[in-house]
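Visitor: If you scroll down you'll find the structure; I have some questions about it.
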Amino acid sequence: MRYSMRNQVSEMLRESRRISEVQSPVIPVVGDLIRRHPGTISLGQGVVSYPPPDEAFDQIKVFQNRPEMHKYQAVHGIPELIEAITAKLREDNCIDPASGGRLAVTAGGNDAFINALLAIADPGDEIILNLPYYFNHEMAIVMASCTPVLVPTDDRYQLQPELIRRAITRKTRAVVTVSPNNPTGAVYSESLLREVNDICRERGVYHINDEAYEYFTYGEARHFSPGSIPGSHEHTISLFSLSKSYGFASWRIGYMTIPDHLFEAVNKIQDTILICPPVVSQFVAVGAMTAGRSYCDERVSQLGEVRQMVLRELEALNDCCSVPPADGAFYFFIKVDTEMSPLDLVERLIRDFGVAAIPGDAFGMKDRCYLRVAYGALSPETVAEGVGRLVSGLREING
């Protein structure tokens, strides 16, 4: 009897079944492997190597001199930052939040996504993700008891609008696009994004476009915001982040443009989870945006040179790897000709060659062995050494 009661209590004291279905975050898993092998160069985490601009830190004194700012502030953001973001959206994205839409400041891009998801979807609803997906998007969808519907991209990781159209059902609430893309580095063309946005309008579903890497494009590639399409404000949700562009990852500031009819719902969600984005971070964000896009553009130009070096190195693997074009962000998503599982391959590269990448199955690519290679977080010299180790390791493993 006592044993049976203990079992019953043990069954009650368990984690949520909903959360147990969510994949484990892959970055900490790889991070633990790296810590166990000192000297490993990580081509894993997607951050930039540069810090925020000096203008950002000038705002900390302004914050300190306003005692009222130590209290809770507006759920959707302080006026100074709302004003700066509005000007930026009009100038850089051709989006006017006042034209039928609203603007909300968030604690990073992931917070913006969960706000959008909870505002539009109920348990059992479907959200379309394009493969490979950004793993935190898929995790959030499962966490919300919704169903991710996976649509393949083509062999260049470009959208396939007709497949998206066919995937839409009565349960579909949104189509998610990420451009420039994490994990592939692909940049979706204006024509493709317009076509997807039109499909969403015709079928009465939302188009959620994640633009965290908007400034990170190379060569002839150009970023396009679907929220700039005339008449798109009723069904388009645009997500942005300062984390990459201003070296702002730990400050946790992003923002979102949403249809006016979702503003109350997003306020409810944010007030419950967050109350308001960190106010000191919002002040620092005002300073960063005072420095403006030119601060990022100069560094993206330097990053472009690193990208070319990485691409030249990876071309040596053409006989055992596929390296599709990557004209944005700071990633290559390579397909490796091996029977090893992605995580086994990553463990072998760390253990024997001192270099880390992220296994591709975390991004939904289960059919073959893929790796995401990131080149934004390190100095050019360290990236060169890391990519050299990666090329040598993959050659030996596949030799």
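So you can find residues: chains in the structure tokens are A, B, ... in the order shown, residues in each start at 1, and ligands are numbered from 1 in order.
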Please identify all polymer residues within 9 Å of Tyr188 of chain A, counting only C-alpha atoms, omitting same-chain residues fewer than 5 positions from it, and present them as a list in words.
Guide: Tyr157, Gln158, Leu159, Thr177, Val178, Ser179, Pro180, Asn181, Leu193, Ala221, Arg222, His223 and Phe224 of chain A
Visitor: Could you write out that same residue set with C-alpha atoms as a PDB file, in the first residue's frame?
Guide:
```pdb
ATOM      1  CA  TYR A 157      17.278  26.730 -49.035  1.00  0.00           C
ATOM      2  CA  GLN A 158      14.851  29.046 -50.820  1.00  0.00           C
ATOM      3  CA  LEU A 159      11.108  29.139 -50.104  1.00  0.00           C
ATOM      4  CA  THR A 177       9.650  32.962 -42.542  1.00  0.00           C
ATOM      5  CA  VAL A 178      13.150  33.963 -41.386  1.00  0.00           C
ATOM      6  CA  SER A 179      15.207  36.168 -43.718  1.00  0.00           C
ATOM      7  CA  PRO A 180      18.171  36.462 -43.696  1.00  0.00           C
ATOM      8  CA  ASN A 181      17.913  32.935 -42.430  1.00  0.00           C
ATOM      9  CA  LEU A 193       8.303  36.993 -49.705  1.00  0.00           C
ATOM     10  CA  ALA A 221      21.565  40.230 -51.775  1.00  0.00           C
ATOM     11  CA  ARG A 222      19.037  42.680 -50.342  1.00  0.00           C
ATOM     12  CA  HIS A 223      16.783  42.418 -47.329  1.00  0.00           C
ATOM     13  CA  PHE A 224      13.035  42.928 -47.817  1.00  0.00           C
TER      14      PHE A 224
END
```
Visitor: For segment 162-176 of chain A, list every protein, DNA or RNA residue within 10 Å, evaluated using only C-alpha atoms, and leave out those in the same chain fewer than 5 positions away; present the list as a PDB file with N, CA and C atoms, in the first residue's frame.
Guide:
```
ATOM      1  N   PHE A 113       8.527  36.452 -30.646  1.00  0.00           N
ATOM      2  CA  PHE A 113       7.882  35.309 -31.302  1.00  0.00           C
ATOM      3  C   PHE A 113       6.845  34.657 -30.391  1.00  0.00           C
ATOM      4  N   ALA A 116       3.746  36.725 -30.247  1.00  0.00           N
ATOM      5  CA  ALA A 116       2.930  36.566 -31.451  1.00  0.00           C
ATOM      6  C   ALA A 116       2.189  35.239 -31.441  1.00  0.00           C
ATOM      7  N   LEU A 117       2.897  34.175 -31.086  1.00  0.00           N
ATOM      8  CA  LEU A 117       2.304  32.842 -31.100  1.00  0.00           C
ATOM      9  C   LEU A 117       1.124  32.752 -30.137  1.00  0.00           C
ATOM     10  N   ILE A 120      -2.098  34.614 -31.291  1.00  0.00           N
ATOM     11  CA  ILE A 120      -2.889  34.207 -32.463  1.00  0.00           C
ATOM     12  C   ILE A 120      -3.337  32.755 -32.445  1.00  0.00           C
ATOM     13  N   ALA A 121      -2.738  31.906 -31.599  1.00  0.00           N
ATOM     14  CA  ALA A 121      -2.960  30.458 -31.728  1.00  0.00           C
ATOM     15  C   ALA A 121      -3.534  29.856 -30.455  1.00  0.00           C
ATOM     16  N   ASP A 122      -4.322  28.812 -30.637  1.00  0.00           N
ATOM     17  CA  ASP A 122      -4.866  28.008 -29.545  1.00  0.00           C
ATOM     18  C   ASP A 122      -4.245  26.611 -29.600  1.00  0.00           C
ATOM     19  N   GLY A 124      -3.549  22.967 -30.370  1.00  0.00           N
ATOM     20  CA  GLY A 124      -4.022  22.171 -31.497  1.00  0.00           C
ATOM     21  C   GLY A 124      -3.939  22.872 -32.834  1.00  0.00           C
ATOM     22  N   ASP A 125      -3.729  24.204 -32.821  1.00  0.00           N
ATOM     23  CA  ASP A 125      -3.578  24.929 -34.090  1.00  0.00           C
ATOM     24  C   ASP A 125      -2.243  24.591 -34.740  1.00  0.00           C
ATOM     25  N   GLU A 126      -2.129  24.899 -36.022  1.00  0.00           N
ATOM     26  CA  GLU A 126      -0.925  24.582 -36.797  1.00  0.00           C
ATOM     27  C   GLU A 126      -0.178  25.856 -37.187  1.00  0.00           C
ATOM     28  N   ILE A 127       1.134  25.780 -37.125  1.00  0.00           N
ATOM     29  CA  ILE A 127       2.021  26.865 -37.544  1.00  0.00           C
ATOM     30  C   ILE A 127       2.990  26.285 -38.562  1.00  0.00           C
ATOM     31  N   ILE A 128       3.073  26.894 -39.733  1.00  0.00           N
ATOM     32  CA  ILE A 128       3.945  26.390 -40.796  1.00  0.00           C
ATOM     33  C   ILE A 128       5.355  26.955 -40.628  1.00  0.00           C
ATOM     34  N   LEU A 129       6.326  26.039 -40.558  1.00  0.00           N
ATOM     35  CA  LEU A 129       7.744  26.388 -40.524  1.00  0.00           C
ATOM     36  C   LEU A 129       8.412  25.861 -41.778  1.00  0.00           C
ATOM     37  N   ASN A 130       9.322  26.639 -42.324  1.00  0.00           N
ATOM     38  CA  ASN A 130      10.094  26.200 -43.481  1.00  0.00           C
ATOM     39  C   ASN A 130      11.387  25.549 -43.013  1.00  0.00           C
ATOM     40  N   TYR A 133      14.270  24.880 -39.865  1.00  0.00           N
ATOM     41  CA  TYR A 133      13.687  25.949 -39.065  1.00  0.00           C
ATOM     42  C   TYR A 133      14.677  26.429 -38.001  1.00  0.00           C
ATOM     43  N   TYR A 134      14.388  27.599 -37.453  1.00  0.00           N
ATOM     44  CA  TYR A 134      15.112  28.089 -36.274  1.00  0.00           C
ATOM     45  C   TYR A 134      14.549  27.335 -35.074  1.00  0.00           C
ATOM     46  N   HIS A 137      11.939  28.608 -32.550  1.00  0.00           N
ATOM     47  CA  HIS A 137      10.571  28.747 -33.052  1.00  0.00           C
ATOM     48  C   HIS A 137       9.806  27.437 -32.897  1.00  0.00           C
ATOM     49  N   CYS A 146       0.808  23.666 -29.790  1.00  0.00           N
ATOM     50  CA  CYS A 146       0.434  23.771 -31.199  1.00  0.00           C
ATOM     51  C   CYS A 146       1.262  22.767 -32.002  1.00  0.00           C
ATOM     52  N   THR A 147       0.942  22.644 -33.284  1.00  0.00           N
ATOM     53  CA  THR A 147       1.610  21.658 -34.138  1.00  0.00           C
ATOM     54  C   THR A 147       2.449  22.356 -35.194  1.00  0.00           C
ATOM     55  N   PRO A 148       3.778  22.136 -35.204  1.00  0.00           N
ATOM     56  CA  PRO A 148       4.582  22.676 -36.301  1.00  0.00           C
ATOM     57  C   PRO A 148       4.379  21.833 -37.560  1.00  0.00           C
ATOM     58  N   VAL A 149       4.053  22.484 -38.653  1.00  0.00           N
ATOM     59  CA  VAL A 149       3.900  21.817 -39.949  1.00  0.00           C
ATOM     60  C   VAL A 149       5.110  22.208 -40.783  1.00  0.00           C
ATOM     61  N   LEU A 150       5.896  21.212 -41.185  1.00  0.00           N
ATOM     62  CA  LEU A 150       7.203  21.466 -41.780  1.00  0.00           C
ATOM     63  C   LEU A 150       7.131  21.401 -43.302  1.00  0.00           C
ATOM     64  N   VAL A 151       7.594  22.469 -43.951  1.00  0.00           N
ATOM     65  CA  VAL A 151       7.582  22.566 -45.409  1.00  0.00           C
ATOM     66  C   VAL A 151       9.028  22.681 -45.891  1.00  0.00           C
ATOM     67  N   PRO A 152       9.470  21.802 -46.788  1.00  0.00           N
ATOM     68  CA  PRO A 152      10.870  21.865 -47.247  1.00  0.00           C
ATOM     69  C   PRO A 152      11.141  23.075 -48.132  1.00  0.00           C
ATOM     70  N   THR A 153      12.345  23.603 -48.026  1.00  0.00           N
ATOM     71  CA  THR A 153      12.834  24.574 -48.989  1.00  0.00           C
ATOM     72  C   THR A 153      13.533  23.813 -50.115  1.00  0.00           C
ATOM     73  N   GLU A 195       5.068  36.742 -52.531  1.00  0.00           N
ATOM     74  CA  GLU A 195       4.177  35.639 -52.881  1.00  0.00           C
ATOM     75  C   GLU A 195       3.646  34.944 -51.631  1.00  0.00           C
ATOM     76  N   VAL A 196       4.521  34.697 -50.660  1.00  0.00           N
ATOM     77  CA  VAL A 196       4.081  34.075 -49.414  1.00  0.00           C
ATOM     78  C   VAL A 196       3.107  34.987 -48.682  1.00  0.00           C
ATOM     79  N   ASN A 197       3.393  36.283 -48.665  1.00  0.00           N
ATOM     80  CA  ASN A 197       2.507  37.227 -47.989  1.00  0.00           C
ATOM     81  C   ASN A 197       1.130  37.263 -48.649  1.00  0.00           C
ATOM     82  N   ILE A 199      -0.247  34.741 -50.283  1.00  0.00           N
ATOM     83  CA  ILE A 199      -0.905  33.482 -49.927  1.00  0.00           C
ATOM     84  C   ILE A 199      -1.550  33.603 -48.546  1.00  0.00           C
ATOM     85  N   CYS A 200      -0.817  34.179 -47.596  1.00  0.00           N
ATOM     86  CA  CYS A 200      -1.350  34.347 -46.247  1.00  0.00           C
ATOM     87  C   CYS A 200      -2.584  35.246 -46.252  1.00  0.00           C
ATOM     88  N   ARG A 203      -5.566  33.308 -47.783  1.00  0.00           N
ATOM     89  CA  ARG A 203      -6.064  32.185 -46.992  1.00  0.00           C
ATOM     90  C   ARG A 203      -6.445  32.579 -45.561  1.00  0.00           C
ATOM     91  N   GLY A 204      -6.266  33.845 -45.208  1.00  0.00           N
ATOM     92  CA  GLY A 204      -6.671  34.305 -43.892  1.00  0.00           C
ATOM     93  C   GLY A 204      -5.798  33.793 -42.764  1.00  0.00           C
ATOM     94  N   VAL A 205      -4.483  33.716 -43.009  1.00  0.00           N
ATOM     95  CA  VAL A 205      -3.548  33.332 -41.950  1.00  0.00           C
ATOM     96  C   VAL A 205      -2.503  34.432 -41.813  1.00  0.00           C
ATOM     97  N   TYR A 206      -1.828  34.448 -40.675  1.00  0.00           N
ATOM     98  CA  TYR A 206      -0.809  35.459 -40.425  1.00  0.00           C
ATOM     99  C   TYR A 206       0.511  35.064 -41.083  1.00  0.00           C
ATOM    100  N   HIS A 207       1.250  36.091 -41.482  1.00  0.00           N
ATOM    101  CA  HIS A 207       2.627  35.914 -41.956  1.00  0.00           C
ATOM    102  C   HIS A 207       3.547  36.493 -40.895  1.00  0.00           C
ATOM    103  N   ILE A 208       4.290  35.631 -40.196  1.00  0.00           N
ATOM    104  CA  ILE A 208       5.267  36.063 -39.196  1.00  0.00           C
ATOM    105  C   ILE A 208       6.637  36.037 -39.856  1.00  0.00           C
ATOM    106  N   ASN A 209       7.267  37.199 -39.982  1.00  0.00           N
ATOM    107  CA  ASN A 209       8.582  37.265 -40.614  1.00  0.00           C
ATOM    108  C   ASN A 209       9.605  37.734 -39.597  1.00  0.00           C
ATOM    109  N   ASP A 210      10.606  36.895 -39.338  1.00  0.00           N
ATOM    110  CA  ASP A 210      11.677  37.178 -38.392  1.00  0.00           C
ATOM    111  C   ASP A 210      12.827  37.853 -39.138  1.00  0.00           C
ATOM    112  N   HIS A 235      -2.426  41.313 -41.559  1.00  0.00           N
ATOM    113  CA  HIS A 235      -2.055  39.903 -41.383  1.00  0.00           C
ATOM    114  C   HIS A 235      -0.553  39.673 -41.240  1.00  0.00           C
ATOM    115  N   THR A 236       0.240  40.735 -41.167  1.00  0.00           N
ATOM    116  CA  THR A 236       1.695  40.582 -41.130  1.00  0.00           C
ATOM    117  C   THR A 236       2.251  40.977 -39.766  1.00  0.00           C
ATOM    118  N   ILE A 237       3.078  40.106 -39.217  1.00  0.00           N
ATOM    119  CA  ILE A 237       3.758  40.339 -37.943  1.00  0.00           C
ATOM    120  C   ILE A 237       5.258  40.308 -38.223  1.00  0.00           C
TER     121      ILE A 237
END
```
Visitor: So which one's closest to Glu313 of chain A, A:Val355, A:Ala326, A:Leu390, A:Val30? Using only C-alpha atoms, please.
Guide: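 Looking at the shortest contact to Glu313 of chain A, the residue is A:Leu390.
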Visitor: Give the answer as one residue: which of A:Val22, A:Met12, A:Val75, A:Ala288 has the shortest atom-to-atom distance to Thr272 of chain A, using only C-alpha atoms?
Guide: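 Checking each candidate against Thr272 of chain A, we get A:Val75 as the closest.
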Visitor: What lies within 12 Å of Ser16 of chain A using only C-alpha atoms, ignoring chain neighbours under 6 positions off, as an mmCIF file with N, CA and C atoms, in the first residue's frame?
Guide:
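Everything below was put into part.cif:
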```
data_model
loop_
_atom_site.group_PDB
_atom_site.id
_atom_site.type_symbol
_atom_site.label_atom_id
_atom_site.label_comp_id
_atom_site.auth_asym_id
_atom_site.auth_seq_id
_atom_site.Cartn_x
_atom_site.Cartn_y
_atom_site.Cartn_z
ATOM 1 N N VAL A 22 9.157 19.019 -25.782
ATOM 2 C CA VAL A 22 9.985 20.060 -26.404
ATOM 3 C C VAL A 22 11.425 19.572 -26.473
ATOM 4 N N MET A 143 5.759 24.043 -27.170
ATOM 5 C CA MET A 143 5.497 24.483 -25.805
ATOM 6 C C MET A 143 4.091 25.054 -25.655
ATOM 7 N N ALA A 144 3.595 25.680 -26.723
ATOM 8 C CA ALA A 144 2.250 26.264 -26.714
ATOM 9 C C ALA A 144 1.174 25.247 -27.086
ATOM 10 N N SER A 145 1.553 23.967 -27.169
ATOM 11 C CA SER A 145 0.623 22.879 -27.530
ATOM 12 C C SER A 145 0.024 23.070 -28.923
#
```
Visitor: Considering only C-alpha atoms, can you say which of A:Ala140, A:Ala212, A:Asp54, A:Ser238 comes closest to Pro25 of chain A?
Guide: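 For Pro25 of chain A, the nearest of the given residues is A:Ala140.
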Visitor: Looking at A:Thr338, A:Ser294, A:Thr106, A:Ser245, which one is nearest to Val266 of chain A, with distances taken over only C-alpha atoms?
Guide: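 Looking at the shortest contact to Val266 of chain A, the residue is A:Thr106.
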Visitor: Name the residues of segment 65-310 of chain A that fall into strand (DSSP E or B) according to DSSP on the backbone, using the chain letters and numbers of this document, as an MDAnalysis selection string.
Guide: chainID A and resid 101:106 126:131 147:152 172:178 206:210 217 236:241 254:259
Visitor: May I have the residues from that selection written out with N, CA and C atoms, as a short mmCIF file (atom, residue, chain, number, x, y, z; two decimals), in the first residue's frame?
Guide:
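Listing of again-v6.cif after writing:
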```
data_model
loop_
_atom_site.label_atom_id
_atom_site.label_comp_id
_atom_site.auth_asym_id
_atom_site.auth_seq_id
_atom_site.Cartn_x
_atom_site.Cartn_y
_atom_site.Cartn_z
N GLY A 101 -1.08 49.55 -37.90
CA GLY A 101 -0.36 48.58 -37.08
C GLY A 101 0.06 49.18 -35.76
N ARG A 102 0.72 48.38 -34.93
CA ARG A 102 1.23 48.85 -33.64
C ARG A 102 2.63 48.30 -33.45
N LEU A 103 3.33 48.90 -32.51
CA LEU A 103 4.72 48.56 -32.21
C LEU A 103 4.83 48.17 -30.75
N ALA A 104 5.55 47.10 -30.46
CA ALA A 104 5.80 46.70 -29.08
C ALA A 104 7.27 46.33 -28.92
N VAL A 105 7.91 46.87 -27.88
CA VAL A 105 9.27 46.49 -27.52
C VAL A 105 9.21 45.20 -26.72
N THR A 106 10.17 44.31 -26.95
CA THR A 106 10.17 42.99 -26.30
C THR A 106 11.56 42.69 -25.72
N GLU A 126 -2.13 24.90 -36.02
CA GLU A 126 -0.92 24.58 -36.80
C GLU A 126 -0.18 25.86 -37.19
N ILE A 127 1.13 25.78 -37.13
CA ILE A 127 2.02 26.87 -37.54
C ILE A 127 2.99 26.28 -38.56
N ILE A 128 3.07 26.89 -39.73
CA ILE A 128 3.95 26.39 -40.80
C ILE A 128 5.35 26.96 -40.63
N LEU A 129 6.33 26.04 -40.56
CA LEU A 129 7.74 26.39 -40.52
C LEU A 129 8.41 25.86 -41.78
N ASN A 130 9.32 26.64 -42.32
CA ASN A 130 10.09 26.20 -43.48
C ASN A 130 11.39 25.55 -43.01
N LEU A 131 11.70 24.40 -43.60
CA LEU A 131 12.90 23.64 -43.23
C LEU A 131 14.14 24.14 -43.97
N THR A 147 0.94 22.64 -33.28
CA THR A 147 1.61 21.66 -34.14
C THR A 147 2.45 22.36 -35.19
N PRO A 148 3.78 22.14 -35.20
CA PRO A 148 4.58 22.68 -36.30
C PRO A 148 4.38 21.83 -37.56
N VAL A 149 4.05 22.48 -38.65
CA VAL A 149 3.90 21.82 -39.95
C VAL A 149 5.11 22.21 -40.78
N LEU A 150 5.90 21.21 -41.18
CA LEU A 150 7.20 21.47 -41.78
C LEU A 150 7.13 21.40 -43.30
N VAL A 151 7.59 22.47 -43.95
CA VAL A 151 7.58 22.57 -45.41
C VAL A 151 9.03 22.68 -45.89
N PRO A 152 9.47 21.80 -46.79
CA PRO A 152 10.87 21.87 -47.25
C PRO A 152 11.14 23.07 -48.13
N THR A 172 -4.50 26.04 -39.70
CA THR A 172 -3.30 26.88 -39.84
C THR A 172 -3.58 28.28 -39.34
N ARG A 173 -2.68 28.77 -38.50
CA ARG A 173 -2.80 30.14 -37.99
C ARG A 173 -1.72 31.06 -38.56
N ALA A 174 -0.58 30.52 -38.95
CA ALA A 174 0.49 31.39 -39.43
C ALA A 174 1.50 30.62 -40.25
N VAL A 175 2.17 31.36 -41.13
CA VAL A 175 3.36 30.89 -41.85
C VAL A 175 4.53 31.70 -41.34
N VAL A 176 5.60 31.03 -40.95
CA VAL A 176 6.78 31.70 -40.40
C VAL A 176 7.90 31.70 -41.44
N THR A 177 8.47 32.86 -41.69
CA THR A 177 9.65 32.96 -42.54
C THR A 177 10.75 33.69 -41.76
N VAL A 178 12.00 33.35 -42.05
CA VAL A 178 13.15 33.96 -41.39
C VAL A 178 14.13 34.38 -42.48
N TYR A 206 -1.83 34.45 -40.68
CA TYR A 206 -0.81 35.46 -40.42
C TYR A 206 0.51 35.06 -41.08
N HIS A 207 1.25 36.09 -41.48
CA HIS A 207 2.63 35.91 -41.96
C HIS A 207 3.55 36.49 -40.90
N ILE A 208 4.29 35.63 -40.20
CA ILE A 208 5.27 36.06 -39.20
C ILE A 208 6.64 36.04 -39.86
N ASN A 209 7.27 37.20 -39.98
CA ASN A 209 8.58 37.27 -40.61
C ASN A 209 9.61 37.73 -39.60
N ASP A 210 10.61 36.89 -39.34
CA ASP A 210 11.68 37.18 -38.39
C ASP A 210 12.83 37.85 -39.14
N THR A 217 23.63 41.20 -44.94
CA THR A 217 23.55 40.69 -46.31
C THR A 217 24.84 41.04 -47.04
N THR A 236 0.24 40.74 -41.17
CA THR A 236 1.69 40.58 -41.13
C THR A 236 2.25 40.98 -39.77
N ILE A 237 3.08 40.11 -39.22
CA ILE A 237 3.76 40.34 -37.94
C ILE A 237 5.26 40.31 -38.22
N SER A 238 5.96 41.39 -37.92
CA SER A 238 7.39 41.48 -38.21
C SER A 238 8.17 41.51 -36.89
N LEU A 239 9.18 40.66 -36.79
CA LEU A 239 9.98 40.52 -35.57
C LEU A 239 11.40 41.04 -35.81
N PHE A 240 11.90 41.83 -34.87
CA PHE A 240 13.23 42.42 -35.00
C PHE A 240 14.00 42.25 -33.69
N SER A 241 15.32 42.42 -33.77
CA SER A 241 16.17 42.28 -32.59
C SER A 241 17.38 43.18 -32.72
N GLY A 254 14.33 43.47 -28.25
CA GLY A 254 13.83 43.30 -29.60
C GLY A 254 12.55 44.11 -29.73
N TYR A 255 11.85 43.94 -30.84
CA TYR A 255 10.58 44.63 -31.01
C TYR A 255 9.79 43.95 -32.12
N MET A 256 8.52 44.27 -32.18
CA MET A 256 7.64 43.63 -33.15
C MET A 256 6.61 44.64 -33.66
N THR A 257 6.28 44.54 -34.93
CA THR A 257 5.15 45.28 -35.47
C THR A 257 4.02 44.29 -35.68
N ILE A 258 2.83 44.68 -35.24
CA ILE A 258 1.69 43.77 -35.22
C ILE A 258 0.45 44.49 -35.74
N PRO A 259 -0.53 43.73 -36.24
CA PRO A 259 -1.82 44.35 -36.58
C PRO A 259 -2.43 44.99 -35.34
#
```
Visitor: Set the distance at 12 Å and use only C-alpha atoms: which residues neighbour Ser341 of chain A once local chain neighbours fewer than 5 positions away are removed? I'd like the list as a ChimeraX atom specification.
Guide: /A:335-336,346-348,359-362,365-371
Visitor: Got time to write the residues from that selection, N, CA and C atoms, as a PDB file, in the first residue's frame?
Guide:
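Output contents, as saved in again_33.pdb:
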```pdb
ATOM      1  N   LYS A 335      25.692  20.081 -45.837  1.00  0.00           N
ATOM      2  CA  LYS A 335      25.276  18.678 -45.816  1.00  0.00           C
ATOM      3  C   LYS A 335      26.509  17.816 -45.980  1.00  0.00           C
ATOM      4  N   VAL A 336      26.726  16.902 -45.031  1.00  0.00           N
ATOM      5  CA  VAL A 336      27.937  16.082 -45.003  1.00  0.00           C
ATOM      6  C   VAL A 336      27.601  14.666 -45.473  1.00  0.00           C
ATOM      7  N   VAL A 346      29.506  15.829 -34.495  1.00  0.00           N
ATOM      8  CA  VAL A 346      29.938  16.990 -33.713  1.00  0.00           C
ATOM      9  C   VAL A 346      30.848  16.554 -32.567  1.00  0.00           C
ATOM     10  N   GLU A 347      30.487  15.475 -31.873  1.00  0.00           N
ATOM     11  CA  GLU A 347      31.329  14.974 -30.777  1.00  0.00           C
ATOM     12  C   GLU A 347      32.706  14.571 -31.282  1.00  0.00           C
ATOM     13  N   ARG A 348      32.761  13.927 -32.427  1.00  0.00           N
ATOM     14  CA  ARG A 348      34.050  13.497 -32.992  1.00  0.00           C
ATOM     15  C   ARG A 348      34.896  14.716 -33.381  1.00  0.00           C
ATOM     16  N   PRO A 359      24.752  20.527 -34.603  1.00  0.00           N
ATOM     17  CA  PRO A 359      24.139  19.457 -35.398  1.00  0.00           C
ATOM     18  C   PRO A 359      22.854  19.917 -36.075  1.00  0.00           C
ATOM     19  N   GLY A 360      22.708  19.539 -37.349  1.00  0.00           N
ATOM     20  CA  GLY A 360      21.604  20.040 -38.153  1.00  0.00           C
ATOM     21  C   GLY A 360      20.250  19.487 -37.806  1.00  0.00           C
ATOM     22  N   ASP A 361      20.190  18.339 -37.098  1.00  0.00           N
ATOM     23  CA  ASP A 361      18.871  17.807 -36.765  1.00  0.00           C
ATOM     24  C   ASP A 361      18.153  18.679 -35.741  1.00  0.00           C
ATOM     25  N   ALA A 362      18.880  19.541 -35.018  1.00  0.00           N
ATOM     26  CA  ALA A 362      18.233  20.490 -34.114  1.00  0.00           C
ATOM     27  C   ALA A 362      17.360  21.481 -34.885  1.00  0.00           C
ATOM     28  N   MET A 365      16.292  18.946 -39.676  1.00  0.00           N
ATOM     29  CA  MET A 365      16.791  18.209 -40.831  1.00  0.00           C
ATOM     30  C   MET A 365      17.232  16.820 -40.378  1.00  0.00           C
ATOM     31  N   LYS A 366      16.314  15.868 -40.481  1.00  0.00           N
ATOM     32  CA  LYS A 366      16.529  14.535 -39.920  1.00  0.00           C
ATOM     33  C   LYS A 366      16.987  13.507 -40.961  1.00  0.00           C
ATOM     34  N   ASP A 367      16.866  13.841 -42.254  1.00  0.00           N
ATOM     35  CA  ASP A 367      17.082  12.822 -43.286  1.00  0.00           C
ATOM     36  C   ASP A 367      18.544  12.539 -43.548  1.00  0.00           C
ATOM     37  N   ARG A 368      19.404  13.561 -43.398  1.00  0.00           N
ATOM     38  CA  ARG A 368      20.836  13.408 -43.663  1.00  0.00           C
ATOM     39  C   ARG A 368      21.615  14.099 -42.546  1.00  0.00           C
ATOM     40  N   CYS A 369      22.923  14.111 -42.681  1.00  0.00           N
ATOM     41  CA  CYS A 369      23.779  14.732 -41.672  1.00  0.00           C
ATOM     42  C   CYS A 369      24.118  16.158 -42.104  1.00  0.00           C
ATOM     43  N   TYR A 370      23.645  17.121 -41.327  1.00  0.00           N
ATOM     44  CA  TYR A 370      23.895  18.535 -41.598  1.00  0.00           C
ATOM     45  C   TYR A 370      24.613  19.162 -40.404  1.00  0.00           C
ATOM     46  N   LEU A 371      25.382  20.218 -40.685  1.00  0.00           N
ATOM     47  CA  LEU A 371      26.024  21.009 -39.646  1.00  0.00           C
ATOM     48  C   LEU A 371      25.781  22.490 -39.925  1.00  0.00           C
TER      49      LEU A 371
END
```
Visitor: Select, from A:Pro226, A:Gly287, A:Pro52, A:Gly39, the residue with the minimum atom-to-atom distance to Glu80 of chain A, counting only C-alpha atoms.
Guide: A:Gly287
